[in-house]
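Peer 1: If it helps, the file is called run-v5.cif and holds mmCIF, C-alpha atoms:
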data_upload
loop_
_atom_site.group_PDB
_atom_site.id
_atom_site.type_symbol
_atom_site.label_atom_id
_atom_site.label_comp_id
_atom_site.auth_asym_id
_atom_site.auth_seq_id
_atom_site.Cartn_x
_atom_site.Cartn_y
_atom_site.Cartn_z
ATOM 1 C CA MET A 292 5.548 -25.401 38.155
ATOM 2 C CA LYS A 293 9.148 -26.496 37.987
ATOM 3 C CA ASN A 294 8.684 -27.602 34.366
ATOM 4 C CA LEU A 295 7.419 -24.134 33.433
ATOM 5 C CA LYS A 296 11.022 -22.971 33.150
ATOM 6 C CA TYR A 297 11.507 -25.410 30.287
ATOM 7 C CA ILE A 298 8.053 -25.357 28.753
ATOM 8 C CA LEU A 299 7.595 -21.583 28.534
ATOM 9 C CA PRO A 300 10.560 -20.898 26.210
ATOM 10 C CA LEU A 301 9.485 -23.807 24.018
ATOM 11 C CA VAL A 302 5.930 -22.465 23.754
ATOM 12 C CA LEU A 303 7.173 -18.934 23.001
ATOM 13 C CA CYS A 304 9.542 -20.319 20.397
ATOM 14 C CA ALA A 305 6.737 -22.314 18.768
ATOM 15 C CA LEU A 306 4.466 -19.227 18.695
ATOM 16 C CA LEU A 307 7.218 -17.159 17.103
ATOM 17 C CA GLY A 308 7.796 -19.949 14.576
ATOM 18 C CA LEU A 309 4.093 -20.013 13.709
ATOM 19 C CA ALA A 310 4.010 -16.237 13.216
ATOM 20 C CA LEU A 311 7.085 -16.338 10.990
ATOM 21 C CA PHE A 312 5.724 -19.330 9.051
ATOM 22 C CA ARG A 313 2.519 -17.420 8.337
ATOM 23 C CA GLY A 314 4.663 -14.523 7.130
ATOM 24 C CA LEU A 315 6.120 -16.777 4.443
ATOM 25 C CA SER A 316 2.793 -17.050 2.648
ATOM 26 C CA LEU A 317 1.991 -13.315 2.838
ATOM 27 C CA ASP A 318 2.829 -11.120 -0.115
ATOM 28 C CA PRO A 319 4.265 -7.769 1.017
ATOM 29 C CA ARG A 320 3.488 -6.381 -2.434
ATOM 30 C CA GLU A 321 -0.231 -6.686 -1.769
ATOM 31 C CA VAL A 322 -0.996 -3.555 0.180
ATOM 32 C CA PRO A 323 -4.469 -3.732 1.745
ATOM 33 C CA SER A 324 -6.673 -0.958 0.422
ATOM 34 C CA PRO A 325 -8.027 1.519 2.982
ATOM 35 C CA LEU A 326 -10.934 2.101 0.576
ATOM 36 C CA ILE A 327 -12.734 -1.168 1.367
ATOM 37 C CA GLY A 328 -16.019 -0.364 3.108
ATOM 38 C CA LYS A 329 -15.760 3.311 2.159
ATOM 39 C CA PRO A 330 -17.518 5.263 -0.599
ATOM 40 C CA ALA A 331 -15.810 4.826 -3.951
ATOM 41 C CA PRO A 332 -13.941 7.945 -5.096
ATOM 42 C CA GLU A 333 -16.000 9.789 -7.687
ATOM 43 C CA PHE A 334 -14.679 10.487 -11.135
ATOM 44 C CA THR A 335 -15.844 11.944 -14.415
ATOM 45 C CA LEU A 336 -13.376 11.294 -17.198
ATOM 46 C CA PRO A 337 -13.478 11.388 -20.985
ATOM 47 C CA SER A 338 -14.331 8.115 -22.654
ATOM 48 C CA LEU A 339 -11.393 6.444 -24.387
ATOM 49 C CA GLN A 340 -13.239 6.079 -27.679
ATOM 50 C CA ASP A 341 -14.983 9.462 -27.673
ATOM 51 C CA PRO A 342 -13.577 12.305 -25.529
ATOM 52 C CA SER A 343 -16.849 14.250 -25.820
ATOM 53 C CA TYR A 344 -18.674 11.442 -24.005
ATOM 54 C CA PRO A 345 -17.862 11.494 -20.277
ATOM 55 C CA VAL A 346 -17.704 8.360 -18.139
ATOM 56 C CA SER A 347 -18.961 9.173 -14.651
ATOM 57 C CA SER A 348 -18.980 6.984 -11.560
ATOM 58 C CA LYS A 349 -22.270 8.596 -10.470
ATOM 59 C CA GLU A 350 -24.152 7.021 -13.369
ATOM 60 C CA LEU A 351 -23.287 3.571 -12.044
ATOM 61 C CA LEU A 352 -24.989 4.028 -8.659
ATOM 62 C CA GLY A 353 -27.794 1.574 -7.932
ATOM 63 C CA GLN A 354 -26.060 -1.534 -9.265
ATOM 64 C CA PRO A 355 -22.900 -3.459 -8.429
ATOM 65 C CA TRP A 356 -20.075 -2.739 -10.860
ATOM 66 C CA VAL A 357 -16.430 -3.511 -11.435
ATOM 67 C CA LEU A 358 -13.584 -1.089 -12.075
ATOM 68 C CA ASN A 359 -10.595 -2.591 -13.845
ATOM 69 C CA VAL A 360 -7.395 -0.542 -14.029
ATOM 70 C CA TRP A 361 -5.331 -1.342 -17.091
ATOM 71 C CA GLY A 362 -2.840 -0.042 -19.625
ATOM 72 C CA THR A 363 -1.289 -1.356 -22.813
ATOM 73 C CA TRP A 364 2.144 -1.085 -21.141
ATOM 74 C CA CYS A 365 1.097 -3.593 -18.497
ATOM 75 C CA GLY A 366 1.944 -7.242 -19.052
ATOM 76 C CA GLY A 367 -0.445 -8.552 -16.407
ATOM 77 C CA CYS A 368 -3.304 -6.761 -18.160
ATOM 78 C CA ARG A 369 -2.715 -8.790 -21.287
ATOM 79 C CA ALA A 370 -2.605 -11.941 -19.182
ATOM 80 C CA GLU A 371 -6.042 -11.242 -17.650
ATOM 81 C CA HIS A 372 -7.698 -9.965 -20.829
ATOM 82 C CA GLU A 373 -9.180 -13.325 -21.869
ATOM 83 C CA THR A 374 -10.627 -13.745 -18.376
ATOM 84 C CA LEU A 375 -12.197 -10.278 -18.502
ATOM 85 C CA LEU A 376 -13.749 -11.113 -21.873
ATOM 86 C CA ALA A 377 -15.181 -14.339 -20.444
ATOM 87 C CA ILE A 378 -16.557 -12.486 -17.415
ATOM 88 C CA SER A 379 -18.121 -9.779 -19.580
ATOM 89 C CA ARG A 380 -19.872 -12.451 -21.668
ATOM 90 C CA GLN A 381 -21.649 -13.626 -18.508
ATOM 91 C CA ARG A 382 -23.213 -10.135 -18.233
ATOM 92 C CA THR A 383 -23.311 -10.265 -14.448
ATOM 93 C CA VAL A 384 -22.157 -6.695 -13.804
ATOM 94 C CA PRO A 385 -20.793 -3.906 -15.999
ATOM 95 C CA ILE A 386 -16.993 -3.774 -16.117
ATOM 96 C CA ILE A 387 -15.716 -0.217 -16.379
ATOM 97 C CA GLY A 388 -12.150 0.150 -17.600
ATOM 98 C CA LEU A 389 -9.816 2.779 -16.202
ATOM 99 C CA ASN A 390 -7.150 3.234 -18.842
ATOM 100 C CA TRP A 391 -4.221 4.358 -16.702
ATOM 101 C CA LYS A 392 -1.480 6.625 -18.096
ATOM 102 C CA ASP A 393 -1.690 5.192 -21.554
ATOM 103 C CA GLU A 394 -1.622 6.371 -25.143
ATOM 104 C CA ASN A 395 -5.105 6.764 -26.535
ATOM 105 C CA MET A 396 -4.398 5.217 -29.925
ATOM 106 C CA ALA A 397 -2.523 2.233 -28.483
ATOM 107 C CA ALA A 398 -5.356 1.572 -26.027
ATOM 108 C CA GLN A 399 -8.029 1.737 -28.730
ATOM 109 C CA GLN A 400 -5.995 -0.581 -30.940
ATOM 110 C CA TRP A 401 -5.617 -3.045 -28.054
ATOM 111 C CA LEU A 402 -9.405 -3.224 -27.634
ATOM 112 C CA GLN A 403 -9.989 -3.643 -31.350
ATOM 113 C CA GLN A 404 -7.462 -6.435 -31.648
ATOM 114 C CA LEU A 405 -8.067 -8.331 -28.420
ATOM 115 C CA GLY A 406 -11.759 -7.611 -27.913
ATOM 116 C CA ASN A 407 -13.507 -5.182 -25.592
ATOM 117 C CA PRO A 408 -14.787 -6.509 -22.250
ATOM 118 C CA TYR A 409 -15.699 -3.036 -20.961
ATOM 119 C CA ALA A 410 -19.109 -1.393 -20.790
ATOM 120 C CA ALA A 411 -17.163 1.882 -20.921
ATOM 121 C CA VAL A 412 -13.524 2.907 -20.658
ATOM 122 C CA ALA A 413 -12.521 6.075 -18.811
ATOM 123 C CA GLU A 414 -9.234 7.609 -19.855
ATOM 124 C CA ASP A 415 -6.996 8.689 -16.960
ATOM 125 C CA ARG A 416 -4.126 10.211 -18.901
ATOM 126 C CA ILE A 417 -2.378 11.945 -15.989
ATOM 127 C CA GLY A 418 -3.169 9.342 -13.341
ATOM 128 C CA LYS A 419 -5.091 11.542 -10.878
ATOM 129 C CA THR A 420 -8.125 9.273 -10.633
ATOM 130 C CA ALA A 421 -5.840 6.272 -10.154
ATOM 131 C CA ILE A 422 -4.257 8.011 -7.161
ATOM 132 C CA ASP A 423 -7.731 8.731 -5.723
ATOM 133 C CA TRP A 424 -8.398 5.009 -5.910
ATOM 134 C CA GLY A 425 -5.040 4.149 -4.332
ATOM 135 C CA VAL A 426 -3.876 2.337 -7.450
ATOM 136 C CA TYR A 427 -0.183 1.490 -7.460
ATOM 137 C CA GLY A 428 0.233 -1.306 -9.986
ATOM 138 C CA ALA A 429 -1.961 -2.437 -12.851
ATOM 139 C CA PRO A 430 -3.908 -4.605 -13.194
ATOM 140 C CA GLU A 431 -6.101 -3.853 -10.203
ATOM 141 C CA THR A 432 -9.792 -4.681 -10.024
ATOM 142 C CA PHE A 433 -12.332 -3.147 -7.649
ATOM 143 C CA LEU A 434 -15.858 -4.280 -6.845
ATOM 144 C CA ILE A 435 -18.294 -1.481 -6.001
ATOM 145 C CA GLY A 436 -21.717 -2.087 -4.434
ATOM 146 C CA PRO A 437 -25.062 -0.572 -5.526
ATOM 147 C CA ASP A 438 -24.709 2.014 -2.741
ATOM 148 C CA GLY A 439 -21.322 3.146 -4.108
ATOM 149 C CA ILE A 440 -19.283 1.434 -1.371
ATOM 150 C CA VAL A 441 -16.061 -0.325 -2.349
ATOM 151 C CA LEU A 442 -16.567 -4.006 -1.483
ATOM 152 C CA TYR A 443 -13.356 -5.656 -2.640
ATOM 153 C CA LYS A 444 -10.048 -5.036 -4.377
ATOM 154 C CA HIS A 445 -8.001 -7.576 -6.262
ATOM 155 C CA ILE A 446 -4.369 -6.795 -7.049
ATOM 156 C CA ALA A 447 -2.741 -8.875 -9.829
ATOM 157 C CA PRO A 448 -4.297 -10.318 -12.988
ATOM 158 C CA MET A 449 -7.914 -11.445 -12.656
ATOM 159 C CA THR A 450 -8.535 -15.171 -12.798
ATOM 160 C CA MET A 451 -11.756 -17.178 -12.955
ATOM 161 C CA GLU A 452 -11.010 -18.615 -9.498
ATOM 162 C CA VAL A 453 -10.787 -15.122 -7.980
ATOM 163 C CA TRP A 454 -13.937 -14.080 -9.818
ATOM 164 C CA MET A 455 -15.931 -17.090 -8.595
ATOM 165 C CA GLN A 456 -14.581 -17.076 -5.032
ATOM 166 C CA GLU A 457 -14.227 -13.398 -4.206
ATOM 167 C CA PHE A 458 -16.366 -11.367 -6.593
ATOM 168 C CA LEU A 459 -19.519 -13.392 -7.351
ATOM 169 C CA PRO A 460 -20.511 -14.118 -3.709
ATOM 170 C CA ARG A 461 -20.056 -10.442 -2.829
ATOM 171 C CA ILE A 462 -22.098 -9.349 -5.861
ATOM 172 C CA GLU A 463 -24.930 -11.684 -4.857
ATOM 173 C CA ALA A 464 -24.818 -10.548 -1.224
ATOM 174 C CA ALA A 465 -24.862 -6.882 -2.306
ATOM 175 C CA ARG A 466 -27.832 -7.529 -4.596
ATOM 176 C CA ALA A 467 -29.695 -9.352 -1.826
ATOM 177 C CA THR A 468 -29.275 -6.530 0.711
ATOM 178 C CA ALA A 469 -30.076 -3.871 -1.897
ATOM 179 C CA GLY A 470 -33.198 -5.845 -2.873
ATOM 180 C CA SER A 471 -34.429 -6.270 0.687
ATOM 181 C CA ARG A 472 -34.029 -2.558 1.352
ATOM 182 C CA SER A 473 -36.139 -1.360 -1.570
ATOM 183 C CA MET B 120 49.127 14.021 -0.374
ATOM 184 C CA ILE B 121 46.501 11.384 0.437
ATOM 185 C CA ASN B 122 44.152 14.206 1.263
ATOM 186 C CA LYS B 123 44.591 15.611 -2.194
ATOM 187 C CA PHE B 124 43.723 12.292 -3.829
ATOM 188 C CA LEU B 125 40.745 11.900 -1.551
ATOM 189 C CA ARG B 126 39.451 15.326 -2.501
ATOM 190 C CA ALA B 127 39.970 14.662 -6.194
ATOM 191 C CA GLY B 128 38.162 11.321 -5.852
ATOM 192 C CA LEU B 129 35.246 12.897 -4.022
ATOM 193 C CA LEU B 130 34.980 15.618 -6.625
ATOM 194 C CA ALA B 131 35.046 13.078 -9.460
ATOM 195 C CA GLY B 132 32.378 11.044 -7.668
ATOM 196 C CA LEU B 133 30.205 14.088 -7.199
ATOM 197 C CA ILE B 134 30.514 15.029 -10.843
ATOM 198 C CA ALA B 135 29.813 11.493 -11.980
ATOM 199 C CA PHE B 136 26.863 10.643 -9.721
ATOM 200 C CA GLY B 137 25.652 13.933 -8.241
ATOM 201 C CA GLY B 138 23.844 14.882 -11.409
ATOM 202 C CA GLN B 139 21.918 11.611 -11.484
ATOM 203 C CA ALA B 140 20.736 12.016 -7.929
ATOM 204 C CA LEU B 141 19.229 15.373 -8.791
ATOM 205 C CA ALA B 142 17.748 14.208 -12.068
ATOM 206 C CA ILE B 143 15.010 12.055 -10.456
ATOM 207 C CA ASP B 144 12.897 15.116 -9.758
ATOM 208 C CA THR B 145 12.902 17.086 -12.979
ATOM 209 C CA GLU B 146 10.345 19.674 -11.846
ATOM 210 C CA ASP B 147 11.373 23.260 -11.135
ATOM 211 C CA ALA B 148 12.003 24.090 -7.498
ATOM 212 C CA PHE B 149 9.584 26.282 -5.544
ATOM 213 C CA THR B 150 10.716 29.903 -5.549
ATOM 214 C CA ASP B 151 10.088 30.002 -1.780
ATOM 215 C CA PRO B 152 12.874 27.913 -0.156
ATOM 216 C CA ALA B 153 10.617 27.130 2.830
ATOM 217 C CA LEU B 154 8.043 25.506 0.527
ATOM 218 C CA GLN B 155 10.795 23.639 -1.309
ATOM 219 C CA HIS B 156 12.085 22.351 2.032
ATOM 220 C CA ARG B 157 8.605 21.101 3.000
ATOM 221 C CA TYR B 158 8.209 19.494 -0.418
ATOM 222 C CA GLU B 159 11.525 17.650 -0.150
ATOM 223 C CA THR B 160 10.900 16.582 3.455
ATOM 224 C CA LEU B 161 7.450 15.186 2.612
ATOM 225 C CA ASN B 162 8.805 13.360 -0.430
ATOM 226 C CA ARG B 163 11.355 11.639 1.798
ATOM 227 C CA GLU B 164 8.596 10.470 4.158
ATOM 228 C CA LEU B 165 6.298 8.942 1.559
ATOM 229 C CA ARG B 166 6.736 5.450 0.193
ATOM 230 C CA CYS B 167 6.649 4.685 -3.504
ATOM 231 C CA LEU B 168 4.324 1.682 -3.590
ATOM 232 C CA VAL B 169 5.644 0.305 -6.855
ATOM 233 C CA CYS B 170 9.222 0.005 -5.643
ATOM 234 C CA GLN B 171 8.391 -0.473 -2.011
ATOM 235 C CA ASN B 172 11.770 0.169 -0.455
ATOM 236 C CA GLN B 173 12.148 3.610 -1.953
ATOM 237 C CA THR B 174 10.625 6.923 -1.012
ATOM 238 C CA ILE B 175 8.955 8.953 -3.720
ATOM 239 C CA ALA B 176 11.983 11.273 -3.530
ATOM 240 C CA ASP B 177 14.300 8.390 -4.474
ATOM 241 C CA SER B 178 12.195 6.666 -7.083
ATOM 242 C CA ASN B 179 11.864 7.464 -10.761
ATOM 243 C CA ALA B 180 8.816 5.218 -11.191
ATOM 244 C CA PRO B 181 5.948 6.997 -12.981
ATOM 245 C CA LEU B 182 3.738 6.610 -9.889
ATOM 246 C CA ALA B 183 6.383 8.325 -7.731
ATOM 247 C CA ALA B 184 6.451 11.233 -10.186
ATOM 248 C CA ASP B 185 2.624 11.437 -10.012
ATOM 249 C CA LEU B 186 2.680 11.400 -6.216
ATOM 250 C CA ARG B 187 5.368 14.117 -6.146
ATOM 251 C CA ARG B 188 3.128 16.161 -8.422
ATOM 252 C CA GLU B 189 0.218 15.707 -5.990
ATOM 253 C CA VAL B 190 2.434 16.814 -3.069
ATOM 254 C CA ARG B 191 3.641 19.820 -5.070
ATOM 255 C CA GLU B 192 0.106 20.844 -6.034
ATOM 256 C CA MET B 193 -1.181 20.487 -2.485
ATOM 257 C CA ILE B 194 1.689 22.570 -1.071
ATOM 258 C CA ALA B 195 1.037 25.221 -3.720
ATOM 259 C CA ALA B 196 -2.665 25.126 -2.762
ATOM 260 C CA GLY B 197 -1.734 25.931 0.845
ATOM 261 C CA LYS B 198 -2.418 22.500 2.382
ATOM 262 C CA THR B 199 -0.611 21.646 5.632
ATOM 263 C CA ASP B 200 1.816 18.729 5.930
ATOM 264 C CA ASP B 201 -0.729 16.797 7.996
ATOM 265 C CA GLU B 202 -3.423 17.313 5.384
ATOM 266 C CA ILE B 203 -1.076 15.997 2.709
ATOM 267 C CA ARG B 204 -0.177 12.936 4.821
ATOM 268 C CA THR B 205 -3.868 12.278 5.456
ATOM 269 C CA PHE B 206 -4.546 12.521 1.717
ATOM 270 C CA MET B 207 -1.962 9.800 1.093
ATOM 271 C CA ILE B 208 -3.102 7.568 3.991
ATOM 272 C CA ASP B 209 -6.741 7.765 2.847
ATOM 273 C CA ARG B 210 -5.701 6.372 -0.515
ATOM 274 C CA TYR B 211 -2.785 4.071 0.165
ATOM 275 C CA GLY B 212 -3.066 3.231 3.875
ATOM 276 C CA ASP B 213 -0.492 3.602 6.643
ATOM 277 C CA PHE B 214 2.034 1.684 4.564
ATOM 278 C CA VAL B 215 2.639 4.850 2.531
ATOM 279 C CA LEU B 216 4.322 6.468 5.546
ATOM 280 C CA TYR B 217 7.984 5.750 6.156
ATOM 281 C CA ARG B 218 7.553 7.009 9.710
ATOM 282 C CA PRO B 219 4.660 4.863 10.940
ATOM 283 C CA ARG B 220 1.979 6.317 13.205
ATOM 284 C CA MET B 221 0.744 4.595 16.320
ATOM 285 C CA THR B 222 -2.667 3.073 15.613
ATOM 286 C CA ALA B 223 -4.922 0.585 17.391
ATOM 287 C CA GLN B 224 -3.661 -2.118 15.028
ATOM 288 C CA ASN B 225 0.049 -1.680 15.589
ATOM 289 C CA PHE B 226 -0.127 -0.561 19.215
ATOM 290 C CA LEU B 227 1.347 -3.845 20.432
ATOM 291 C CA LEU B 228 4.348 -3.322 18.174
ATOM 292 C CA TRP B 229 4.992 0.123 19.644
ATOM 293 C CA ALA B 230 4.476 -1.111 23.191
ATOM 294 C CA ALA B 231 6.558 -4.283 22.721
ATOM 295 C CA PRO B 232 9.936 -2.804 23.812
ATOM 296 C CA VAL B 233 8.457 -1.434 27.056
ATOM 297 C CA LEU B 234 6.499 -4.647 27.722
ATOM 298 C CA LEU B 235 9.558 -6.828 27.102
ATOM 299 C CA LEU B 236 11.676 -4.591 29.325
ATOM 300 C CA LEU B 237 9.094 -4.866 32.111
ATOM 301 C CA ALA B 238 8.908 -8.645 31.675
ATOM 302 C CA GLY B 239 12.709 -8.828 31.845
ATOM 303 C CA ALA B 240 12.811 -6.616 34.947
ATOM 304 C CA ALA B 241 10.138 -8.757 36.620
ATOM 305 C CA THR B 242 12.129 -11.911 35.846
ATOM 306 C CA VAL B 243 15.305 -10.377 37.284
ATOM 307 C CA VAL B 244 13.469 -9.363 40.494
ATOM 308 C CA VAL B 245 11.993 -12.858 40.911
ATOM 309 C CA VAL B 246 15.323 -14.604 40.285
ATOM 310 C CA VAL B 247 17.304 -12.291 42.564
ATOM 311 C CA ARG B 248 14.763 -12.676 45.380
ATOM 312 C CA ARG B 249 14.780 -16.436 45.072
ATOM 313 C CA ARG B 250 18.581 -16.557 45.103
ATOM 314 C CA SER B 251 18.840 -14.284 48.109
ATOM 315 C CA GLN B 252 16.319 -16.483 49.935
ATOM 316 C CA GLU B 253 18.335 -19.559 49.006
ATOM 317 C CA SER B 254 21.591 -17.996 50.208
ATOM 318 C CA GLU B 255 19.868 -16.939 53.443
ATOM 319 C CA THR B 256 18.790 -20.507 54.130
ATOM 320 C CA GLU B 257 22.304 -21.590 53.244
ATOM 321 C CA THR B 258 23.977 -19.220 55.736
ATOM 322 C CA ASN B 259 21.484 -20.289 58.352
ATOM 323 C CA GLY B 260 22.205 -23.941 57.657
ATOM 324 C CA PRO B 261 24.706 -26.202 59.286
ATOM 325 C CA GLU B 262 27.342 -25.651 56.582
ATOM 326 C CA ALA B 263 27.450 -21.887 57.085
ATOM 327 C CA GLY B 264 30.529 -20.149 55.755
ATOM 328 C CA GLN B 265 31.678 -23.055 53.653
ATOM 329 C CA SER B 266 29.984 -22.260 50.342
#
Could you show the structure in this file as structure tokens?

Peer 2:
Amino acid sequence: MKNLKYILPLVLCALLGLALFRGLSLDPREVPSPLIGKPAPEFTLPSLQDPSYPVSSKELLGQPWVLNVWGTWCGGCRAEHETLLAISRQRTVPIIGLNWKDENMAAQQWLQQLGNPYAAVAEDRIGKTAIDWGVYGAPETFLIGPDGIVLYKHIAPMTMEVWMQEFLPRIEAARATAGSRS
Amino acid sequence: MINKFLRAGLLAGLIAFGGQALAIDTEDAFTDPALQHRYETLNRELRCLVCQNQTIADSNAPLAADLRREVREMIAAGKTDDEIRTFMIDRYGDFVLYRPRMTAQNFLLWAAPVLLLLAGAATVVVVVRRRSQESETETNGPEAGQS
């Protein structure tokens, strides 16, 4: 009991140190999305390649899919492009592109030159859909379940590690629950 | 004399930098000053998530301009301030607010000052009681009056 006077401050100090140490490895730029576990915001936007052909989120219901927010002005998008191409070659889920506040011609050229990993690209010229999805910095990648619920959001360029560790297990789990229900 | 220089300096400063401060929001003002006031107040409460230490009123990032446009459109559509805040929180989370709300998650943070004050008060009471007991035993002891 007498030692408590000396031990208690030490313990409190150690706890504070632990909390601050954990803070060192957190990135304040990664804002957690309030959309996780909620229905994905719906959108119907013109396709990048053909404005008369609309890309609608409703058509994707019933399967897991990925929404990748990108723009030609975004350096990180170029960095992740090879990874997206590799992922699209695996044909696990459709990747839908959301071309965010970009120039149509520049975006089309980008896809022609670097390759097109997207099943479809929706053009969000004024950035309204991006706001609905809580996008604040490209590239951002969302995973949406077969029931239209947002399962995961990755902020920063996509890497194979993130895809294998965060996306694939969730895709498989979503497919398993969707399969057992039907 | 000094006053004169000060005034001239202030005026020069205003001319040099005042224009820039206004130029961030290039949209026309609302014709109704009350709406304009609400618009400006809301803009100063909402965080620009690209440049996280600026409000959307202060930032000239494209996202800030888009968010100001959303605020403007919602005010014009007759939405209340709370509805506009909820719109932003639903999309960007509580972090978008510069004046944080009390939620279940951050309750401890809000309560911390009161809890710490109570803990401090409790400590003071315990220490004072103990000391007064000690001094009582001292005055009752054989060396009374000498301490």

Peer 1: Using only C-alpha atoms, list the residues that have an atom at most 9 Å from (-5.8, -11.8, -16.0), coordinates as in the file, as an NGL selection string.

Peer 2: :A and (367-375 or 430 or 447-451)

Peer 1: Sorted by chain and rising residue number, which residues of chain B lie within 8 Å of chain A, and what are their closest atom pairs and distances in Å to one decimal, counting only C-alpha atoms, as CSV?

Peer 2:
residue,atom,partner,partner_atom,distance
B:Leu168,CA,A:Tyr427,CA,5.9
B:Val169,CA,A:Tyr427,CA,6.0
B:Gln171,CA,A:Arg320,CA,7.7
B:Leu182,CA,A:Tyr427,CA,6.9
B:Asp185,CA,A:Gly418,CA,7.0
B:Leu186,CA,A:Ile422,CA,7.8
B:Ile208,CA,A:Pro325,CA,7.9
B:Asp209,CA,A:Pro325,CA,6.4
B:Arg210,CA,A:Gly425,CA,4.5
B:Tyr211,CA,A:Gly425,CA,5.0
B:Gly212,CA,A:Pro325,CA,5.3
B:Phe214,CA,A:Val322,CA,7.5

Peer 1: Expanded to explicit residues, what is the PyMOL selection byres ((chain A and resi 453-467) around 9) for this file, as a PDB file with C-alpha atoms, keeping the file's coordinate frame?

Peer 2:
ATOM      1  CA  GLN A 354     -26.060  -1.534  -9.265  1.00  0.00           C
ATOM      2  CA  PRO A 355     -22.900  -3.459  -8.429  1.00  0.00           C
ATOM      3  CA  TRP A 356     -20.075  -2.739 -10.860  1.00  0.00           C
ATOM      4  CA  ILE A 378     -16.557 -12.486 -17.415  1.00  0.00           C
ATOM      5  CA  THR A 383     -23.311 -10.265 -14.448  1.00  0.00           C
ATOM      6  CA  VAL A 384     -22.157  -6.695 -13.804  1.00  0.00           C
ATOM      7  CA  LEU A 434     -15.858  -4.280  -6.845  1.00  0.00           C
ATOM      8  CA  ILE A 435     -18.294  -1.481  -6.001  1.00  0.00           C
ATOM      9  CA  GLY A 436     -21.717  -2.087  -4.434  1.00  0.00           C
ATOM     10  CA  PRO A 437     -25.062  -0.572  -5.526  1.00  0.00           C
ATOM     11  CA  ASP A 438     -24.709   2.014  -2.741  1.00  0.00           C
ATOM     12  CA  LEU A 442     -16.567  -4.006  -1.483  1.00  0.00           C
ATOM     13  CA  TYR A 443     -13.356  -5.656  -2.640  1.00  0.00           C
ATOM     14  CA  HIS A 445      -8.001  -7.576  -6.262  1.00  0.00           C
ATOM     15  CA  MET A 449      -7.914 -11.445 -12.656  1.00  0.00           C
ATOM     16  CA  THR A 450      -8.535 -15.171 -12.798  1.00  0.00           C
ATOM     17  CA  MET A 451     -11.756 -17.178 -12.955  1.00  0.00           C
ATOM     18  CA  GLU A 452     -11.010 -18.615  -9.498  1.00  0.00           C
ATOM     19  CA  THR A 468     -29.275  -6.530   0.711  1.00  0.00           C
ATOM     20  CA  ALA A 469     -30.076  -3.871  -1.897  1.00  0.00           C
ATOM     21  CA  GLY A 470     -33.198  -5.845  -2.873  1.00  0.00           C
ATOM     22  CA  SER A 471     -34.429  -6.270   0.687  1.00  0.00           C
ATOM     23  CA  ARG A 472     -34.029  -2.558   1.352  1.00  0.00           C
TER      24      ARG A 472
END

Peer 1: Separation of CA of Cys170 (chain B) and CA of Ala183 (chain B), in Å?

Peer 2: 9.0 Å

Peer 1: So how far away is CA of Ser178 (chain B) from CA of Pro152 (chain B), in Å?

Peer 2: 22.4 Å

Peer 1: Any idea what's packed within 12 Å of Glu159 (chain B), counting all atoms listed in the file, ignoring anything in its chain fewer than 6 positions away? Could you give it as an MDAnalysis selection string?

Peer 2: chainID B and resid 141 144 146 148:149 152:153 165 174:177 187:188 190:191 194 200

Peer 1: Write out the residues from the selection above, keeping C-alpha atoms, as an mmCIF file, keeping the file's coordinate frame.

Peer 2:
data_model
loop_
_atom_site.group_PDB
_atom_site.id
_atom_site.type_symbol
_atom_site.label_atom_id
_atom_site.label_comp_id
_atom_site.auth_asym_id
_atom_site.auth_seq_id
_atom_site.Cartn_x
_atom_site.Cartn_y
_atom_site.Cartn_z
ATOM 1 C CA LEU B 141 19.229 15.373 -8.791
ATOM 2 C CA ASP B 144 12.897 15.116 -9.758
ATOM 3 C CA GLU B 146 10.345 19.674 -11.846
ATOM 4 C CA ALA B 148 12.003 24.090 -7.498
ATOM 5 C CA PHE B 149 9.584 26.282 -5.544
ATOM 6 C CA PRO B 152 12.874 27.913 -0.156
ATOM 7 C CA ALA B 153 10.617 27.130 2.830
ATOM 8 C CA LEU B 165 6.298 8.942 1.559
ATOM 9 C CA THR B 174 10.625 6.923 -1.012
ATOM 10 C CA ILE B 175 8.955 8.953 -3.720
ATOM 11 C CA ALA B 176 11.983 11.273 -3.530
ATOM 12 C CA ASP B 177 14.300 8.390 -4.474
ATOM 13 C CA ARG B 187 5.368 14.117 -6.146
ATOM 14 C CA ARG B 188 3.128 16.161 -8.422
ATOM 15 C CA VAL B 190 2.434 16.814 -3.069
ATOM 16 C CA ARG B 191 3.641 19.820 -5.070
ATOM 17 C CA ILE B 194 1.689 22.570 -1.071
ATOM 18 C CA ASP B 200 1.816 18.729 5.930
#

Peer 1: Find the distance between CA of Glu164 (chain B) and CA of Arg220 (chain B) and write it in Å to one decimal.

Peer 2: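 Interatomic distance, CA of Glu164 (chain B) to CA of Arg220 (chain B): 12.0 Å.
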
Peer 1: Neighbourhood query: residues within 12 Å of (-7.1, -7.6, -24.4), file coordinates, counting only C-alpha atoms; return as a PyMOL selection string.

Peer 2: chain A and resi 361-377+388+397-409

Peer 1: At a cut-off of 10 Å, using all atoms listed in the file, what residues contact Glu333 (chain A)? Leave out same-chain residues fewer than 4 positions from it and give the result as a list of chain:residue names.

Peer 2: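 The neighbour list is A:Ser347, A:Ser348, A:Lys349, A:Thr420, A:Asp423, A:Trp424, A:Gly439.
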
Peer 1: Using the chain letters and numbers from the file, which residues does the PyMOL selection byres ((chain A and resi 337-341) around 6) grab, as a VMD selection string?

Peer 2: chain A and resid 336 342 to 346 412 to 414

Peer 1: Give the answer as one residue: which of B:Asp147, B:Leu161, B:Val243, B:Phe124 has the shortest atom-to-atom distance to Thr199 (chain B), using only C-alpha atoms?

Peer 2: B:Leu161

Peer 1: Take every atom of region 371-377 of chain A listed in the file, pad by 5 Å on each side, and give me the axis-aligned box centre and edge lengths in Å, one decimal, as lines of an AutoDock Vina configuration file.

Peer 2:
center_x = -10.6
center_y = -12.2
center_z = -19.8
size_x = 19.1
size_y = 14.4
size_z = 14.2
